[in-house]
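Just work03.pdb here, PDB, C-alpha atoms, pLDDT in the B column:
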ATOM      1  CA  MET Q 577       6.896 -12.747 -11.804  1.00 70.00           C
ATOM      2  CA  ARG Q 578       8.176  -9.637 -10.057  1.00 72.00           C
ATOM      3  CA  PHE Q 579       4.615  -8.374  -9.804  1.00 78.00           C
ATOM      4  CA  ALA Q 580       3.658 -11.554  -7.960  1.00 77.00           C
ATOM      5  CA  LEU Q 581       6.808 -11.547  -5.869  1.00 74.00           C
ATOM      6  CA  VAL Q 582       6.291  -8.053  -4.489  1.00 75.00           C
ATOM      7  CA  GLN Q 583       2.862  -9.003  -3.280  1.00 76.00           C
ATOM      8  CA  LEU Q 584       3.461 -12.516  -2.012  1.00 75.00           C
ATOM      9  CA  ARG Q 585       6.941 -11.859  -0.584  1.00 74.00           C
ATOM     10  CA  ASP Q 586       7.966 -15.391  -1.136  1.00 75.00           C
ATOM     11  CA  ARG Q 587       9.704 -16.736  -4.198  1.00 76.00           C
ATOM     12  CA  ASN Q 588       8.047 -20.156  -3.998  1.00 79.00           C
ATOM     13  CA  ALA Q 589       4.593 -18.694  -3.580  1.00 79.00           C
ATOM     14  CA  ALA Q 590       5.175 -16.269  -6.445  1.00 80.00           C
ATOM     15  CA  GLU Q 591       6.394 -19.075  -8.724  1.00 80.00           C
ATOM     16  CA  ASP Q 592       3.372 -21.129  -7.756  1.00 81.00           C
ATOM     17  CA  ALA Q 593       1.068 -18.247  -8.637  1.00 80.00           C
ATOM     18  CA  VAL Q 594       2.668 -17.786 -12.048  1.00 81.00           C
ATOM     19  CA  GLN Q 595       2.613 -21.520 -12.750  1.00 80.00           C
ATOM     20  CA  ASP Q 596      -1.011 -21.851 -11.650  1.00 80.00           C
ATOM     21  CA  THR Q 597      -1.831 -18.978 -13.947  1.00 81.00           C
ATOM     22  CA  LEU Q 598      -0.254 -20.645 -16.950  1.00 78.00           C
ATOM     23  CA  LEU Q 599      -1.958 -23.954 -16.150  1.00 78.00           C
ATOM     24  CA  ALA Q 600      -5.308 -22.269 -15.714  1.00 78.00           C
ATOM     25  CA  ALA Q 601      -4.736 -20.426 -18.959  1.00 76.00           C
ATOM     26  CA  ILE Q 602      -4.005 -23.630 -20.862  1.00 76.00           C
ATOM     27  CA  GLN Q 603      -7.055 -25.357 -19.385  1.00 74.00           C
ATOM     28  CA  GLY Q 604      -9.261 -22.379 -19.975  1.00 73.00           C
ATOM     29  CA  ALA Q 605      -7.906 -21.394 -23.355  1.00 71.00           C
ATOM     30  CA  SER Q 606     -11.254 -22.110 -24.967  1.00 68.00           C
ATOM     31  CA  GLN Q 607     -12.946 -19.649 -22.606  1.00 68.00           C
ATOM     32  CA  PHE Q 608     -10.740 -16.861 -23.783  1.00 67.00           C
ATOM     33  CA  ALA Q 609     -13.315 -14.910 -25.693  1.00 65.00           C
ATOM     34  CA  GLY Q 610     -11.031 -12.527 -27.460  1.00 65.00           C
ATOM     35  CA  GLN Q 611     -12.722  -9.545 -25.836  1.00 65.00           C
ATOM     36  CA  SER Q 612      -9.445  -8.529 -24.266  1.00 70.00           C
ATOM     37  CA  THR Q 613      -5.845  -8.981 -25.184  1.00 75.00           C
ATOM     38  CA  VAL Q 614      -4.188 -12.224 -24.138  1.00 75.00           C
ATOM     39  CA  ARG Q 615      -2.014 -10.221 -21.776  1.00 75.00           C
ATOM     40  CA  THR Q 616      -4.932  -8.617 -19.927  1.00 77.00           C
ATOM     41  CA  TRP Q 617      -6.553 -12.014 -19.696  1.00 77.00           C
ATOM     42  CA  LEU Q 618      -3.423 -13.598 -18.211  1.00 79.00           C
ATOM     43  CA  VAL Q 619      -2.915 -10.712 -15.796  1.00 80.00           C
ATOM     44  CA  GLY Q 620      -6.501 -11.152 -14.649  1.00 80.00           C
ATOM     45  CA  ILE Q 621      -5.878 -14.809 -13.860  1.00 81.00           C
ATOM     46  CA  LEU Q 622      -2.593 -13.978 -12.148  1.00 83.00           C
ATOM     47  CA  LYS Q 623      -4.330 -11.493  -9.868  1.00 82.00           C
ATOM     48  CA  HIS Q 624      -6.745 -14.183  -8.724  1.00 80.00           C
ATOM     49  CA  LYS Q 625      -3.868 -16.567  -8.076  1.00 81.00           C
ATOM     50  CA  ILE Q 626      -2.009 -13.931  -6.060  1.00 82.00           C
ATOM     51  CA  ILE Q 627      -5.097 -13.348  -3.931  1.00 83.00           C
ATOM     52  CA  ASP Q 628      -5.373 -17.119  -3.439  1.00 80.00           C
ATOM     53  CA  GLY Q 629      -1.759 -17.146  -2.294  1.00 79.00           C
ATOM     54  CA  ILE Q 630      -2.291 -14.286   0.137  1.00 80.00           C
ATOM     55  CA  ARG Q 631      -5.401 -15.963   1.501  1.00 77.00           C
ATOM     56  CA  LYS Q 632      -3.443 -19.156   2.058  1.00 76.00           C
ATOM     57  CA  THR Q 633      -0.650 -17.464   4.013  1.00 73.00           C
ATOM     58  CA  ALA Q 634      -3.187 -15.440   5.993  1.00 71.00           C
ATOM     59  CA  ARG Q 635      -4.801 -18.699   7.093  1.00 69.00           C
ATOM     60  CA  GLU Q 636      -1.491 -20.307   7.969  1.00 68.00           C
ATOM     61  CA  ARG Q 637      -0.379 -17.510  10.288  1.00 61.00           C
ATOM     62  CA  PRO Q 638      -3.372 -16.404  12.316  1.00 56.00           C
ATOM     63  CA  VAL Q 639      -1.414 -15.859  15.541  1.00 49.00           C
ATOM     64  CA  GLU Q 640       1.329 -13.671  14.179  1.00 50.00           C
ATOM     65  CA  SER Q 641      -1.182 -11.665  12.224  1.00 49.00           C
ATOM     66  CA  ARG Q 642      -3.478 -11.016  15.154  1.00 51.00           C
ATOM     67  CA  ALA Q 643      -0.656  -9.311  17.023  1.00 50.00           C
ATOM     68  CA  GLU Q 644       0.261  -7.388  13.905  1.00 55.00           C
ATOM     69  CA  ALA Q 645      -3.264  -6.224  13.234  1.00 50.00           C
ATOM     70  CA  GLU Q 646      -3.773  -4.727  16.671  1.00 49.00           C
ATOM     71  CA  GLY Q 647      -3.492  -1.063  17.430  1.00 47.00           C
ATOM     72  CA  ALA Q 648      -1.484   1.601  15.723  1.00 48.00           C
ATOM     73  CA  GLU Q 649       1.719   1.162  17.752  1.00 57.00           C
ATOM     74  CA  GLY Q 650       3.812   1.346  14.636  1.00 71.00           C
ATOM     75  CA  VAL Q 651       2.502   4.826  14.006  1.00 84.00           C
ATOM     76  CA  GLU Q 652       3.260   6.274  17.438  1.00 85.00           C
ATOM     77  CA  ALA Q 653       6.932   6.628  16.574  1.00 86.00           C
ATOM     78  CA  PHE Q 654       6.141   9.120  13.822  1.00 91.00           C
ATOM     79  CA  PHE Q 655       4.567  11.619  16.216  1.00 92.00           C
ATOM     80  CA  ALA Q 656       5.560  13.686  19.208  1.00 91.00           C
ATOM     81  CA  ASP Q 657       3.484  13.426  22.382  1.00 89.00           C
ATOM     82  CA  ASP Q 658       1.462  16.495  21.440  1.00 90.00           C
ATOM     83  CA  GLY Q 659       0.336  14.873  18.190  1.00 91.00           C
ATOM     84  CA  HIS Q 660       2.626  16.859  15.891  1.00 92.00           C
ATOM     85  CA  PHE Q 661       4.820  15.094  13.370  1.00 93.00           C
ATOM     86  CA  ALA Q 662       8.104  14.151  15.010  1.00 92.00           C
ATOM     87  CA  GLU Q 663       9.650  14.811  11.630  1.00 91.00           C
ATOM     88  CA  PRO Q 664       7.311  16.729   9.342  1.00 92.00           C
ATOM     89  CA  PRO Q 665       7.071  15.414   5.777  1.00 93.00           C
ATOM     90  CA  GLY Q 666       9.739  17.076   3.637  1.00 92.00           C
ATOM     91  CA  GLU Q 667       9.467  18.610   0.209  1.00 92.00           C
ATOM     92  CA  TRP Q 668       9.603  16.004  -2.589  1.00 92.00           C
ATOM     93  CA  ALA Q 669      11.240  17.237  -5.747  1.00 87.00           C
ATOM     94  CA  GLY Q 670       9.549  16.161  -8.953  1.00 86.00           C
ATOM     95  CA  PRO Q 671       7.812  13.018  -7.728  1.00 90.00           C
ATOM     96  CA  GLU Q 672       6.180  12.491 -11.127  1.00 91.00           C
ATOM     97  CA  ARG Q 673       9.572  12.176 -12.795  1.00 91.00           C
ATOM     98  CA  SER Q 674      10.440   9.323 -10.429  1.00 91.00           C
ATOM     99  CA  LEU Q 675       7.762   7.218 -12.042  1.00 91.00           C
ATOM    100  CA  GLU Q 676       9.919   7.032 -15.143  1.00 90.00           C
ATOM    101  CA  GLU Q 677      12.931   5.672 -13.320  1.00 89.00           C
ATOM    102  CA  SER Q 678      13.255   1.966 -12.691  1.00 89.00           C
ATOM    103  CA  ARG Q 679      15.523   2.709  -9.733  1.00 91.00           C
ATOM    104  CA  PHE Q 680      12.608   4.437  -8.050  1.00 93.00           C
ATOM    105  CA  PHE Q 681      10.548   1.268  -8.232  1.00 92.00           C
ATOM    106  CA  GLU Q 682      13.453  -0.715  -6.815  1.00 91.00           C
ATOM    107  CA  ALA Q 683      13.513   1.685  -3.862  1.00 93.00           C
ATOM    108  CA  LEU Q 684       9.736   1.359  -3.522  1.00 93.00           C
ATOM    109  CA  GLU Q 685      10.038  -2.416  -3.598  1.00 91.00           C
ATOM    110  CA  ARG Q 686      12.633  -2.350  -0.813  1.00 92.00           C
ATOM    111  CA  CYS Q 687      10.360  -0.110   1.235  1.00 94.00           C
ATOM    112  CA  LEU Q 688       7.429  -2.485   0.712  1.00 93.00           C
ATOM    113  CA  GLN Q 689       9.608  -5.357   1.878  1.00 90.00           C
ATOM    114  CA  SER Q 690      10.379  -3.544   5.105  1.00 90.00           C
ATOM    115  CA  LEU Q 691       6.683  -3.559   6.083  1.00 91.00           C
ATOM    116  CA  PRO Q 692       5.245  -6.341   8.218  1.00 89.00           C
ATOM    117  CA  LYS Q 693       3.945  -9.007   5.896  1.00 86.00           C
ATOM    118  CA  LYS Q 694       0.247  -8.620   6.519  1.00 86.00           C
ATOM    119  CA  THR Q 695       0.435  -4.839   6.394  1.00 91.00           C
ATOM    120  CA  ALA Q 696       2.168  -5.100   3.033  1.00 91.00           C
ATOM    121  CA  SER Q 697      -0.489  -7.537   1.788  1.00 89.00           C
ATOM    122  CA  ALA Q 698      -3.291  -5.214   2.815  1.00 92.00           C
ATOM    123  CA  PHE Q 699      -1.552  -2.307   1.123  1.00 94.00           C
ATOM    124  CA  THR Q 700      -0.787  -4.040  -2.175  1.00 91.00           C
ATOM    125  CA  LEU Q 701      -4.290  -5.530  -2.319  1.00 91.00           C
ATOM    126  CA  ARG Q 702      -5.645  -2.025  -1.912  1.00 94.00           C
ATOM    127  CA  GLU Q 703      -3.274  -0.050  -4.125  1.00 93.00           C
ATOM    128  CA  MET Q 704      -2.009  -2.528  -6.718  1.00 89.00           C
ATOM    129  CA  MET Q 705      -5.112  -4.678  -7.059  1.00 87.00           C
ATOM    130  CA  GLY Q 706      -7.573  -1.919  -6.304  1.00 88.00           C
ATOM    131  CA  LEU Q 707      -9.620  -4.026  -3.883  1.00 90.00           C
ATOM    132  CA  GLU Q 708     -12.092  -2.310  -1.558  1.00 92.00           C
ATOM    133  CA  THR Q 709     -11.493  -2.415   2.187  1.00 92.00           C
ATOM    134  CA  ASP Q 710     -14.291  -4.909   2.879  1.00 91.00           C
ATOM    135  CA  GLU Q 711     -12.801  -7.361   0.385  1.00 90.00           C
ATOM    136  CA  ILE Q 712      -9.387  -6.997   1.997  1.00 90.00           C
ATOM    137  CA  CYS Q 713     -10.881  -7.609   5.459  1.00 88.00           C
ATOM    138  CA  LYS Q 714     -12.381 -10.808   4.171  1.00 86.00           C
ATOM    139  CA  GLU Q 715      -9.181 -12.009   2.505  1.00 84.00           C
ATOM    140  CA  LEU Q 716      -7.017 -11.290   5.534  1.00 86.00           C
ATOM    141  CA  GLY Q 717      -9.580 -12.104   8.214  1.00 86.00           C
ATOM    142  CA  ILE Q 718      -9.392  -8.718   9.951  1.00 88.00           C
ATOM    143  CA  SER Q 719     -11.945  -6.070  10.918  1.00 90.00           C
ATOM    144  CA  ALA Q 720     -12.518  -2.949   8.851  1.00 91.00           C
ATOM    145  CA  SER Q 721     -10.995  -0.665  11.467  1.00 91.00           C
ATOM    146  CA  ASN Q 722      -7.920  -2.894  11.653  1.00 90.00           C
ATOM    147  CA  CYS Q 723      -7.705  -2.714   7.934  1.00 92.00           C
ATOM    148  CA  TRP Q 724      -7.774   1.102   7.947  1.00 93.00           C
ATOM    149  CA  VAL Q 725      -5.138   1.170  10.650  1.00 93.00           C
ATOM    150  CA  MET Q 726      -2.926  -1.192   8.673  1.00 93.00           C
ATOM    151  CA  LEU Q 727      -3.285   0.860   5.513  1.00 95.00           C
ATOM    152  CA  TYR Q 728      -2.560   4.003   7.487  1.00 95.00           C
ATOM    153  CA  ARG Q 729       0.541   2.443   8.986  1.00 94.00           C
ATOM    154  CA  ALA Q 730       1.655   1.224   5.576  1.00 95.00           C
ATOM    155  CA  ARG Q 731       1.309   4.718   4.101  1.00 96.00           C
ATOM    156  CA  MET Q 732       3.132   6.337   7.014  1.00 95.00           C
ATOM    157  CA  SER Q 733       6.009   3.871   6.799  1.00 94.00           C
ATOM    158  CA  LEU Q 734       6.291   3.908   3.021  1.00 94.00           C
ATOM    159  CA  ARG Q 735       6.160   7.676   2.886  1.00 95.00           C
ATOM    160  CA  ALA Q 736       8.945   7.962   5.456  1.00 94.00           C
ATOM    161  CA  CYS Q 737      10.947   5.174   3.829  1.00 93.00           C
ATOM    162  CA  LEU Q 738      10.768   6.743   0.364  1.00 94.00           C
ATOM    163  CA  GLU Q 739      11.670  10.118   1.751  1.00 94.00           C
ATOM    164  CA  ARG Q 740      14.696   8.615   3.472  1.00 92.00           C
ATOM    165  CA  SER Q 741      15.847   6.369   0.676  1.00 92.00           C
ATOM    166  CA  TRP Q 742      14.803   8.209  -2.465  1.00 91.00           C
ATOM    167  CA  PHE Q 743      13.669  11.801  -2.194  1.00 92.00           C
ATOM    168  CA  ASN Q 744      15.991  13.130   0.507  1.00 83.00           C
ATOM    169  CA  PRO Q 745      18.752  10.594   1.007  1.00 76.00           C
ATOM    170  CA  GLY Q 746      21.199  11.865   3.571  1.00 68.00           C
ATOM    171  CA  SER Q 747      18.765  13.969   5.544  1.00 57.00           C
ATOM    172  CA  GLY Q 748      17.323  12.381   8.627  1.00 48.00           C
ATOM    173  CA  GLU Q 749      20.262   9.980   8.853  1.00 45.00           C
ATOM    174  CA  ALA Q 750      21.555  11.871  11.848  1.00 42.00           C
ATOM    175  CA  ALA Q 751      18.287  11.649  13.763  1.00 39.00           C
TER     176      ALA Q 751
ATOM    177  CA  MET W 344     -14.300  14.589  17.840  1.00 49.00           C
ATOM    178  CA  ALA W 345     -13.399  18.231  18.271  1.00 53.00           C
ATOM    179  CA  PHE W 346     -12.775  20.436  15.278  1.00 60.00           C
ATOM    180  CA  ARG W 347      -9.208  21.029  16.342  1.00 82.00           C
ATOM    181  CA  LEU W 348      -7.300  18.020  15.089  1.00 92.00           C
ATOM    182  CA  SER W 349      -3.690  17.179  15.777  1.00 94.00           C
ATOM    183  CA  CYS W 350      -1.476  16.147  12.868  1.00 95.00           C
ATOM    184  CA  LYS W 351      -1.691  12.620  14.155  1.00 94.00           C
ATOM    185  CA  GLU W 352      -5.484  12.595  13.968  1.00 94.00           C
ATOM    186  CA  ALA W 353      -5.495  14.477  10.684  1.00 96.00           C
ATOM    187  CA  SER W 354      -3.042  12.165   8.943  1.00 96.00           C
ATOM    188  CA  LYS W 355      -5.103   9.157  10.010  1.00 95.00           C
ATOM    189  CA  LEU W 356      -8.213  10.745   8.523  1.00 96.00           C
ATOM    190  CA  ILE W 357      -6.322  11.607   5.339  1.00 97.00           C
ATOM    191  CA  SER W 358      -5.367   7.962   4.996  1.00 97.00           C
ATOM    192  CA  GLU W 359      -8.834   6.645   5.876  1.00 96.00           C
ATOM    193  CA  GLY W 360     -10.367   9.074   3.441  1.00 97.00           C
ATOM    194  CA  MET W 361      -8.623   7.091   0.713  1.00 97.00           C
ATOM    195  CA  ASP W 362     -10.348   3.898   1.849  1.00 96.00           C
ATOM    196  CA  ARG W 363     -13.787   4.950   3.071  1.00 95.00           C
ATOM    197  CA  ARG W 364     -16.116   7.930   2.916  1.00 95.00           C
ATOM    198  CA  LEU W 365     -15.412  10.235   5.838  1.00 96.00           C
ATOM    199  CA  SER W 366     -18.307  11.567   7.900  1.00 95.00           C
ATOM    200  CA  PHE W 367     -19.328  15.175   7.519  1.00 94.00           C
ATOM    201  CA  PRO W 368     -17.708  16.354  10.800  1.00 93.00           C
ATOM    202  CA  GLU W 369     -14.568  14.431   9.909  1.00 95.00           C
ATOM    203  CA  ARG W 370     -14.368  16.142   6.544  1.00 95.00           C
ATOM    204  CA  ILE W 371     -14.883  19.597   8.059  1.00 94.00           C
ATOM    205  CA  GLY W 372     -12.315  19.024  10.790  1.00 94.00           C
ATOM    206  CA  LEU W 373      -9.822  17.719   8.271  1.00 96.00           C
ATOM    207  CA  ARG W 374     -10.299  20.620   5.909  1.00 95.00           C
ATOM    208  CA  LEU W 375      -9.852  23.182   8.658  1.00 94.00           C
ATOM    209  CA  HIS W 376      -6.681  21.463   9.758  1.00 95.00           C
ATOM    210  CA  VAL W 377      -5.111  20.911   6.354  1.00 95.00           C
ATOM    211  CA  ARG W 378      -5.755  24.521   5.380  1.00 95.00           C
ATOM    212  CA  ILE W 379      -3.394  25.763   8.076  1.00 94.00           C
ATOM    213  CA  CYS W 380      -0.965  22.833   8.201  1.00 95.00           C
ATOM    214  CA  ASP W 381       1.866  22.525   5.652  1.00 94.00           C
ATOM    215  CA  ALA W 382       2.947  19.157   6.982  1.00 95.00           C
ATOM    216  CA  CYS W 383      -0.486  17.604   6.424  1.00 96.00           C
ATOM    217  CA  THR W 384      -0.834  19.279   3.031  1.00 96.00           C
ATOM    218  CA  ARG W 385       2.396  17.588   1.978  1.00 96.00           C
ATOM    219  CA  PHE W 386       1.335  14.354   3.583  1.00 96.00           C
ATOM    220  CA  THR W 387      -1.856  14.411   1.509  1.00 96.00           C
ATOM    221  CA  SER W 388      -0.093  14.886  -1.794  1.00 95.00           C
ATOM    222  CA  GLN W 389       2.556  12.316  -0.907  1.00 96.00           C
ATOM    223  CA  VAL W 390       0.139   9.525  -0.032  1.00 96.00           C
ATOM    224  CA  ASN W 391      -1.782  10.301  -3.206  1.00 96.00           C
ATOM    225  CA  PHE W 392       1.474  10.021  -5.091  1.00 96.00           C
ATOM    226  CA  LEU W 393       2.069   6.663  -3.376  1.00 95.00           C
ATOM    227  CA  ARG W 394      -1.217   5.420  -4.752  1.00 95.00           C
ATOM    228  CA  LYS W 395      -0.201   6.562  -8.200  1.00 93.00           C
ATOM    229  CA  ALA W 396       3.217   4.937  -7.885  1.00 93.00           C
ATOM    230  CA  LEU W 397       1.729   1.591  -6.891  1.00 92.00           C
ATOM    231  CA  LYS W 398      -0.626   1.714  -9.863  1.00 88.00           C
ATOM    232  CA  ALA W 399       2.353   2.446 -12.089  1.00 87.00           C
ATOM    233  CA  PHE W 400       4.415  -0.331 -10.541  1.00 81.00           C
ATOM    234  CA  PRO W 401       6.014  -2.275 -13.383  1.00 72.00           C
ATOM    235  CA  GLY W 402       3.350  -4.931 -13.682  1.00 64.00           C
ATOM    236  CA  PRO W 403       3.304  -8.205 -15.553  1.00 54.00           C
ATOM    237  CA  ASP W 404       3.095  -6.026 -18.638  1.00 49.00           C
ATOM    238  CA  ASP W 405       6.744  -5.140 -18.683  1.00 47.00           C
ATOM    239  CA  SER W 406       8.551  -6.859 -15.859  1.00 41.00           C
ATOM    240  CA  GLU W 407       8.308 -10.373 -17.245  1.00 41.00           C
ATOM    241  CA  GLY W 408      11.685 -11.862 -18.006  1.00 39.00           C
ATOM    242  CA  ARG W 409      13.635  -9.015 -16.503  1.00 37.00           C
TER     243      ARG W 409
END
Starting from the file, give its structure as structure tokens.
Amino acid sequence: MRFALVQLRDRNAAEDAVQDTLLAAIQGASQFAGQSTVRTWLVGILKHKIIDGIRKTARERPVESRAEAEGAEGVEAFFADDGHFAEPPGEWAGPERSLEESRFFEALERCLQSLPKKTASAFTLREMMGLETDEICKELGISASNCWVMLYRARMSLRACLERSWFNPGSGEAA
Amino acid sequence: MAFRLSCKEASKLISEGMDRRLSFPERIGLRLHVRICDACTRFTSQVNFLRKALKAFPGPDDSEGR
């Protein structure tokens, strides 16, 4: 449920995806060939339902998304006029250890929520679902270069957000 | 594109390199830049860590019912 929620950003849509998954699983139970575990099978269905959900919202909000997909404005703020980092990336202490802390993933989830919706969709499709860029373009109805820009912006924002909220809390507050 | 990249151009290429195959000149320019730039070296390892973190995100495997 949380997995779906992070990606769909909407409790109703996430509940729908989980419900659809269970329904599809019941209907398709005979097709379950036993080649994978039940869990992997269910997760596979859930991923399809999440993509369906994202596709649906992408269709419903073409106007908002067109504005969002344009340009790299969001990235300008991270750089000085001469193209240097306004605030160079800081040292991250023991990032690997963070992966064992559930509080880290809560921080990550909050950072994901702070992204514009479509940017977050593109990013989770890419990094959680492992979709290729051309598939993401198709799902979200954007061009490949827009897609790269959105992923770039997502990485810039998430990196800065995690640095602020997790790795170096306290620093950068004054800026 | 000149060989001398700014951090802004370099970071964009670092990100795009995770999503598409960079051209030969792009790869050369990026390598020359990253070699002398601590900020972009960090940026590279941090966005790679991001990818790893998203893959490790508590999935349906262990978040159900929490």
Only residues of chain Q matter here; which ones have an atom within 7 Å of chain W, counting only C-alpha atoms? Give them as a compact mmCIF listing (two decimals) with C-alpha atoms, in the coordinates of the input.
# COMPACT_ATOMS: atom_id res chain seq x y z
CA MET Q 577 6.90 -12.75 -11.80
CA ARG Q 578 8.18 -9.64 -10.06
CA PHE Q 579 4.62 -8.37 -9.80
CA VAL Q 619 -2.92 -10.71 -15.80
CA PHE Q 655 4.57 11.62 16.22
CA GLY Q 659 0.34 14.87 18.19
CA HIS Q 660 2.63 16.86 15.89
CA PHE Q 661 4.82 15.09 13.37
CA PRO Q 664 7.31 16.73 9.34
CA PRO Q 665 7.07 15.41 5.78
CA LEU Q 675 7.76 7.22 -12.04
CA PHE Q 681 10.55 1.27 -8.23
CA GLU Q 703 -3.27 -0.05 -4.12
CA MET Q 704 -2.01 -2.53 -6.72
CA THR Q 709 -11.49 -2.42 2.19
CA TRP Q 724 -7.77 1.10 7.95
CA TYR Q 728 -2.56 4.00 7.49
CA ARG Q 731 1.31 4.72 4.10
CA ARG Q 735 6.16 7.68 2.89
Can you tell me, as an mmCIF file with C-alpha atoms, keeping the file's coordinate frame, what residues are no more than 12 Å from Asp586 of chain Q when counting all atoms listed in the file, ignoring any on the same chain fewer than 2 positions away?
data_model
loop_
_atom_site.group_PDB
_atom_site.id
_atom_site.type_symbol
_atom_site.label_atom_id
_atom_site.label_comp_id
_atom_site.auth_asym_id
_atom_site.auth_seq_id
_atom_site.Cartn_x
_atom_site.Cartn_y
_atom_site.Cartn_z
ATOM 1 C CA MET Q 577 6.896 -12.747 -11.804
ATOM 2 C CA ARG Q 578 8.176 -9.637 -10.057
ATOM 3 C CA PHE Q 579 4.615 -8.374 -9.804
ATOM 4 C CA ALA Q 580 3.658 -11.554 -7.960
ATOM 5 C CA LEU Q 581 6.808 -11.547 -5.869
ATOM 6 C CA VAL Q 582 6.291 -8.053 -4.489
ATOM 7 C CA GLN Q 583 2.862 -9.003 -3.280
ATOM 8 C CA LEU Q 584 3.461 -12.516 -2.012
ATOM 9 C CA ASN Q 588 8.047 -20.156 -3.998
ATOM 10 C CA ALA Q 589 4.593 -18.694 -3.580
ATOM 11 C CA ALA Q 590 5.175 -16.269 -6.445
ATOM 12 C CA GLU Q 591 6.394 -19.075 -8.724
ATOM 13 C CA ASP Q 592 3.372 -21.129 -7.756
ATOM 14 C CA ALA Q 593 1.068 -18.247 -8.637
ATOM 15 C CA ILE Q 626 -2.009 -13.931 -6.060
ATOM 16 C CA GLY Q 629 -1.759 -17.146 -2.294
ATOM 17 C CA ILE Q 630 -2.291 -14.286 0.137
ATOM 18 C CA THR Q 633 -0.650 -17.464 4.013
ATOM 19 C CA GLN Q 689 9.608 -5.357 1.878
ATOM 20 C CA LYS Q 693 3.945 -9.007 5.896
ATOM 21 C CA SER Q 697 -0.489 -7.537 1.788
#
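In this structure, atom CA of Asp658 of chain Q sits 22.0 Å away from atom CA of Ala730 of chain Q.
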Might I get the box with edges along x, y and z of the file that holds all atoms of segment 378-395 of chain W listed there, padded by 4 Å on every side, given as centre and edge lengths in Å to one decimal, as lines of an AutoDock Vina configuration file?
center_x = -1.4
center_y = 15.6
center_z = 0.0
size_x = 16.7
size_y = 28.3
size_z = 24.4
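Picture a line from atom CA of Glu715 of chain Q to atom CA of Lys623 of chain Q; it runs 13.3 Å.
Take atom CA of Gly717 of chain Q and atom CA of Arg370 of chain W: the distance between them is 28.7 Å.
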For this session: Convert the output of the PyMOL selection byres ((chain Q and resi 670) around 12) on the shown file into explicit residues, formatted as an MDAnalysis selection string.
Result: (chainID Q and resid 667:669 671:677 742:744) or (chainID W and resid 389 392)
Exercise. Near Leu734 of chain Q, counting all atoms listed in the file, which residues have an atom at most 9 Å away, once you skip same-chain residues fewer than 5 positions from it, shown as a PyMOL selection string?
Worked result: (chain Q and resi 684+687-688+690-691+729+739) or (chain W and resi 390+393)
Any chance you could build segment 583-594 of chain Q out to N, CA and C atoms and write it as a PDB file, in the frame of the given file?
ATOM      1  N   GLN Q 583       4.073  -8.881  -4.077  1.00 76.00           N
ATOM      2  CA  GLN Q 583       2.862  -9.003  -3.280  1.00 76.00           C
ATOM      3  C   GLN Q 583       2.853 -10.220  -2.387  1.00 76.00           C
ATOM      4  N   LEU Q 584       3.499 -11.296  -2.813  1.00 75.00           N
ATOM      5  CA  LEU Q 584       3.461 -12.516  -2.012  1.00 75.00           C
ATOM      6  C   LEU Q 584       4.681 -12.638  -1.106  1.00 75.00           C
ATOM      7  N   ARG Q 585       5.759 -11.900  -1.444  1.00 74.00           N
ATOM      8  CA  ARG Q 585       6.941 -11.859  -0.584  1.00 74.00           C
ATOM      9  C   ARG Q 585       7.584 -13.211  -0.412  1.00 74.00           C
ATOM     10  N   ASP Q 586       7.413 -14.064  -1.317  1.00 75.00           N
ATOM     11  CA  ASP Q 586       7.966 -15.391  -1.136  1.00 75.00           C
ATOM     12  C   ASP Q 586       8.156 -15.967  -2.518  1.00 75.00           C
ATOM     13  N   ARG Q 587       9.400 -16.308  -2.837  1.00 76.00           N
ATOM     14  CA  ARG Q 587       9.704 -16.736  -4.198  1.00 76.00           C
ATOM     15  C   ARG Q 587       8.891 -17.966  -4.596  1.00 76.00           C
ATOM     16  N   ASN Q 588       8.799 -18.943  -3.669  1.00 79.00           N
ATOM     17  CA  ASN Q 588       8.047 -20.156  -3.998  1.00 79.00           C
ATOM     18  C   ASN Q 588       6.590 -19.839  -4.289  1.00 79.00           C
ATOM     19  N   ALA Q 589       6.008 -19.032  -3.413  1.00 79.00           N
ATOM     20  CA  ALA Q 589       4.593 -18.694  -3.580  1.00 79.00           C
ATOM     21  C   ALA Q 589       4.370 -17.930  -4.883  1.00 79.00           C
ATOM     22  N   ALA Q 590       5.320 -17.048  -5.216  1.00 80.00           N
ATOM     23  CA  ALA Q 590       5.175 -16.269  -6.445  1.00 80.00           C
ATOM     24  C   ALA Q 590       5.297 -17.176  -7.664  1.00 80.00           C
ATOM     25  N   GLU Q 591       6.239 -18.127  -7.604  1.00 80.00           N
ATOM     26  CA  GLU Q 591       6.394 -19.075  -8.724  1.00 80.00           C
ATOM     27  C   GLU Q 591       5.147 -19.935  -8.877  1.00 80.00           C
ATOM     28  N   ASP Q 592       4.617 -20.348  -7.718  1.00 81.00           N
ATOM     29  CA  ASP Q 592       3.372 -21.129  -7.756  1.00 81.00           C
ATOM     30  C   ASP Q 592       2.265 -20.354  -8.451  1.00 81.00           C
ATOM     31  N   ALA Q 593       2.144 -19.073  -8.083  1.00 80.00           N
ATOM     32  CA  ALA Q 593       1.068 -18.247  -8.637  1.00 80.00           C
ATOM     33  C   ALA Q 593       1.214 -18.131 -10.153  1.00 80.00           C
ATOM     34  N   VAL Q 594       2.446 -17.930 -10.606  1.00 81.00           N
ATOM     35  CA  VAL Q 594       2.668 -17.786 -12.048  1.00 81.00           C
ATOM     36  C   VAL Q 594       2.388 -19.113 -12.759  1.00 81.00           C
TER      37      VAL Q 594
END
